[in-house]
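Structure first, commentary second.
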Amino acid sequence: MAPFPGSGLAKGLAVTLRTMTRKTVTEQYPDVQPDLPPRTRGVIGLFEENCTVCMLCARECPDWCIYIDSHKETVPPAAPGGRERSRNVLDRFAIDFSLCMYCGICIEVCPFDALFWSPEFEYAETDIRELTHERDKLREWMWTVPAPPALDPAAEEPKEIAAARKTAEKLAAAQDRPDERQGEQP
């Protein structure tokens, strides 16, 4: 059956009329903050206490937008007769968001959980040179990072927690046994 002439025009006008009668869904952004999905990629927050200056994030970044400076510091021995140790101290941690492509590789490769996605997205600047944010600003964004989602109740317990639980149960059982034996003996 061949379509009659003008049927395409009629279908197009029908779609236009349906759309015109619907209520618009306009976000009033500056006045009303948008509801962001839980895993929104806004900016990268730095939890400085966890950073060991291993430089993995800077080495793996495809854009080379992470700048890290550090120095070595000697730590006195923990016990008498021990040896002194050296550790890296973070001097500078900066991310140039004018270069960053928000791939998240730096967050994935960080073995010490020092970098996190923050849903913060209002950090526009009038000068591109001001888009390099230092560790103080990155630390401020860390406090906007949402808590991780709860584990699925049907999920398998993590191996680390299971091992810790078994150890705690063994210690509790070992502490209960001597008390029972002492109570039995006159």
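So you can find residues: chains in the structure tokens are A, B, ... in the order shown, residues in each start at 1, and ligands are numbered from 1 in order.
Assigned to alpha helix (DSSP H) in segment 4-123 of chain A, given DSSP computed from backbone atoms, are A:Ser7, A:Gly8, A:Leu9, A:Ala10, A:Lys11, A:Gly12, A:Leu13, A:Ala14, A:Val15, A:Thr16, A:Leu17, A:Arg18, A:Thr19, A:Met20, A:Thr21, A:Leu56, A:Cys57, A:Ala58, A:Arg59, A:Glu60, A:Ile105, A:Cys106, A:Ile107, A:Glu108, A:Val109.
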Return as a Markdown table the residues of segment 58-88 of chain A lying at most 10 Å from segment 115-133 of chain A, together with the closest atom-to-atom pair for each and the distance in Å to one decimal, counting only C-alpha atoms, with rows in chain order and ascending residue number.
```
| residue | atom | partner | partner_atom | distance |
| --- | --- | --- | --- | --- |
| A:Cys65 | CA | A:Thr132 | CA | 8.8 |
| A:Ile66 | CA | A:Thr132 | CA | 9.2 |
| A:Tyr67 | CA | A:Thr132 | CA | 9.5 |
```
- Task: May I ask for the distance between atom CA of Glu160 of chain A and atom CA of Ala174 of chain A, given in Å to one decimal place?
- Result: 21.2 Å
- Could you give me the residues within segment 79-178 of chain A that DSSP places in strand (DSSP E or B), as JSON, numbers by chain? {"A": [85, 86, 87, 88, 89, 90, 91, 92, 93, 94, 95, 96, 115, 116, 117, 118, 132, 133]}
- Query: What is the distance between atom CA of Pro149 of chain A and atom CA of Ala168 of chain A, in Å to one decimal?
  - Reply: 26.0 Å
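Nearest residue to Pro148 of chain A among A:Pro76, A:Glu27, A:Pro38, A:Phe4 is A:Pro38, counting only C-alpha atoms.
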- Message: What's around Asp136 of chain A at 12 Å? Count only C-alpha atoms, leave out sequence neighbours fewer than 4 positions away in its own chain, and write the answer as a PyMOL selection string.
- Response: chain A and resi 45-48+91-95+132+140-143
Could you save those same residues with C-alpha atoms as a PDB file, in the first residue's frame?
```pdb
ATOM      1  CA  GLY A  45      39.081  15.710  45.902  1.00  0.00           C
ATOM      2  CA  LEU A  46      42.333  14.951  47.752  1.00  0.00           C
ATOM      3  CA  PHE A  47      42.450  13.186  51.115  1.00  0.00           C
ATOM      4  CA  GLU A  48      45.948  14.370  51.953  1.00  0.00           C
ATOM      5  CA  ASP A  91      54.863  19.696  49.447  1.00  0.00           C
ATOM      6  CA  ARG A  92      52.596  20.367  46.486  1.00  0.00           C
ATOM      7  CA  PHE A  93      49.691  18.527  44.911  1.00  0.00           C
ATOM      8  CA  ALA A  94      47.924  20.410  42.134  1.00  0.00           C
ATOM      9  CA  ILE A  95      45.583  19.466  39.301  1.00  0.00           C
ATOM     10  CA  THR A 132      45.116  24.899  38.430  1.00  0.00           C
ATOM     11  CA  GLU A 140      37.954  21.432  50.501  1.00  0.00           C
ATOM     12  CA  TRP A 141      36.296  19.389  47.761  1.00  0.00           C
ATOM     13  CA  MET A 142      37.068  16.190  49.670  1.00  0.00           C
ATOM     14  CA  TRP A 143      34.389  17.059  52.207  1.00  0.00           C
TER      15      TRP A 143
END
```
- Pick from A:Thr21, A:Ser98, A:Gln175, A:Thr52 nearest to Ser86 of chain A, counting only C-alpha atoms: A:Thr52
- Message: I'd like the contact shell of Glu60 of chain A - 8 Å cut-off, only C-alpha atoms, skipping same-chain residues fewer than 2 positions apart - returned as a list of chain:residue names.
- Response: A:Leu56, A:Cys57, A:Ala58, A:Pro62, A:Ile105, A:Cys106, A:Val109
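For Val89 of chain A, the residues within 7 Å (counting only C-alpha atoms, excluding itself and residues fewer than 3 positions away along the chain) are Ser70, His71, Lys72 and Glu73 of chain A.
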- May I ask which of the residues A:Val75, A:Tyr29, A:Arg39, A:Leu99 is the closest one to Arg87 of chain A, counting only C-alpha atoms? A:Val75
- Item | Distance of atom CA of Cys100 of chain A from atom CA of Trp64 of chain A, expressed in Å to one decimal place | 8.2 Å
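Among the candidate residues A:Cys110, A:Ala173, A:Met20, A:Leu13, the one lying nearest to Cys54 of chain A is A:Cys110, with distances computed using only C-alpha atoms.
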